[in-house]
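Novice: Have a look at this one.
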Amino acid sequence: GEDVEQSLFLSVREGDSSVINCTYTDSSSTYLYWYKQEPGAGLQLLTYIFSNMDMKQDQRLTVLLNKKDKHLSLRIADTQTGDSAIYFCAESMGVMSGGGADGLTFGKGTHLIIQP
Amino acid sequence: DAGVIQSPRHEVTEMGQEVTLRCKPISGHDYLFWYRQTMMRGLELLIYFNNNVPIDDSGMPEDRFSAKMPNASFSTLKIQPSEPRDSAVYFCASSFRGRGTGELFFGEGSRLTVL
């Protein structure tokens with residue numbers, strides 16, 4: 001079955017880079033995702049990467065994918081207090097082409113703590 | 001555009017009572033998902049629908065849980081009778097297959113406390 005593993009906590013200083021790591025098990029996943037959850041809110045998609053890509057950059061966010069090791073990481077440059085949240089890694093469960101519309105398997109989330 | 005709308009945002013009830021959670025997906029989306037979030041187990045997929053038809057309910061924990069989607073704009077998750085271990089945040093999410101990325105759009109959740 002599918003399983004997504006993440007560290008539960010990460011503490012960084014404001015202005016430093018944050019790197020959140022994730023390992024997944026389903027090599028057939030078409031897309032891998034990073035979601036952000038702020039306190040009392042639902043999850044919001046931060047970014048995603050197609051499985052045939054190694055890297056994707058979007059402003060302060062960099063996603064790295066190592067398919068051989070089934071390892072996904074999210075780097076947040078110049079971490080700000082507003083980045084404090086829980087970050088979820090997720091993989092698509094669906095076997096249909098065009099993306100996992102059958103639902104996503106989520107990790108337990110990494111709590112990003114920002115130190116002043 | 002309105003996002004996924006869930007109600008109630010908070011519910012406190014006593015053990016044995018019936019609980020009904022409601023969800024309005026984004027208009028035009030053809031998939032709807034119910035997830036449960038707890039500290040211990042993280043996010044668990046309970047059930048999902050495609051075009052109002054339940055596709056996979058293997059995540060529903062017990063017969064006390066049931067979900068319906070009578071039309072494309074409304075779904076309910078019912079717990080009867082409720083138990084303290086059902087306390088969690090329940091999220092509804094919707095997606096559109098044609099988007100191609102499998103992205104889920106989440107509601108803000110319904111926080112359930114069963115005393």
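In the structure tokens, the first chain shown is A, the next is B, and so on; residue numbers restart at 1 for each chain, and ligands run from 1 in the order shown.
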Would you give me, as a list in words, the residues in chain B that DSSP reads as helix (DSSP H, G or I)?
Specialist: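 Answer for chain B restricted to helix (DSSP H, G or I) is Pro84, Arg85, Asp86, Arg97, Gly98 and Arg99 of chain B.
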Novice: Only C-alpha atoms, please: the residues just picked out, written as a CSV table (one decimal), in the first residue's frame.
Specialist:
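The result, written out as result-v5.csv:
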```csv
chain,number,residue,atom,x,y,z
B,84,PRO,CA,-15.6,10.2,21.8
B,85,ARG,CA,-13.0,8.6,19.5
B,86,ASP,CA,-14.8,10.2,16.5
B,97,ARG,CA,-10.6,15.5,-13.4
B,98,GLY,CA,-10.3,17.7,-16.5
B,99,ARG,CA,-7.8,19.9,-14.7
```
Novice: Compile the residues of chain A that lie within 12 Å of chain B, evaluated using only C-alpha atoms, and express the compilation as a ChimeraX atom specification.
Specialist: /A:3-6,8,29-51,86-111
Novice: Residues within 10 Å of Met53 in chain A, please, as a count of residues only. Count only C-alpha atoms; anything in the same chain fewer than 6 positions from it doesn't count.
Specialist: 6
Novice: From chain A, collect each residue whose DSSP state is strand (DSSP E or B) and return the set as a VMD selection string.
Specialist: chain A and resid 4 to 6 9 to 13 18 to 24 31 to 37 43 to 50 55 to 58 61 to 66 71 to 76 85 to 92 104 to 106 110 to 115
Novice: Excluding Val114 in chain B and its own-chain neighbours fewer than 6 positions away, which residues fall within 7 Å of it when counting only C-alpha atoms? Please give them as a PyMOL selection string.
Specialist: chain B and resi 12-15+82-84+86-87
Novice: Compile the contact shell of Ser11 in chain A as a PDB file with C-alpha atoms, in the first residue's frame: residues with an atom at most 10 Å away, counting only C-alpha atoms, same-chain residues fewer than 4 positions apart removed.
Specialist:
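Just written: out-v7.pdb:
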```pdb
ATOM      1  CA  SER A  18      13.694  25.670   5.329  1.00  0.00           C
ATOM      2  CA  SER A  84       4.695  29.083   9.970  1.00  0.00           C
ATOM      3  CA  HIS A 111       5.119  21.603  11.621  1.00  0.00           C
ATOM      4  CA  LEU A 112       7.388  24.452  10.517  1.00  0.00           C
ATOM      5  CA  ILE A 113       8.378  26.620  13.492  1.00  0.00           C
ATOM      6  CA  ILE A 114      10.012  29.977  12.843  1.00  0.00           C
ATOM      7  CA  GLN A 115      12.405  31.392  15.407  1.00  0.00           C
TER       8      GLN A 115
END
```
Novice: In Å, with one decimal, what is the gap from CA of Thr79 in chain A to CA of Arg36 in chain B?
Specialist: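 Taking CA of Thr79 in chain A as the start and CA of Arg36 in chain B as the end point, the length is 29.4 Å.
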Novice: For a quick check of understanding, using only C-alpha atoms, which of A:Met55, A:Ser73, A:Asp78, A:Ala85 has the smallest distance to Ser17 in chain A?
Specialist: A:Asp78
Novice: With a distance cut-off of 8 Å and only C-alpha atoms, select the neighbouring residues of Leu61 in chain A, excluding the residue or stretch itself and same-chain residues fewer than 5 positions from it, and output the selection as a PyMOL selection string.
Specialist: chain A and resi 74-77
Novice: Any idea what the distance is between CA of His29 in chain B and CA of Gln6 in chain B?
Specialist: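 CA of Gln6 in chain B lies at a distance of 15.4 Å from CA of His29 in chain B.
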Novice: To one decimal place in Å, what is the distance between CA of Leu77 in chain B and CA of Cys23 in chain B?
Specialist: 8.4 Å
Novice: Have a look at A:Asp83, A:Leu10, A:Leu72, A:Pro116 and name the one nearest to Cys22 in chain A; count only C-alpha atoms.
Specialist: A:Leu72
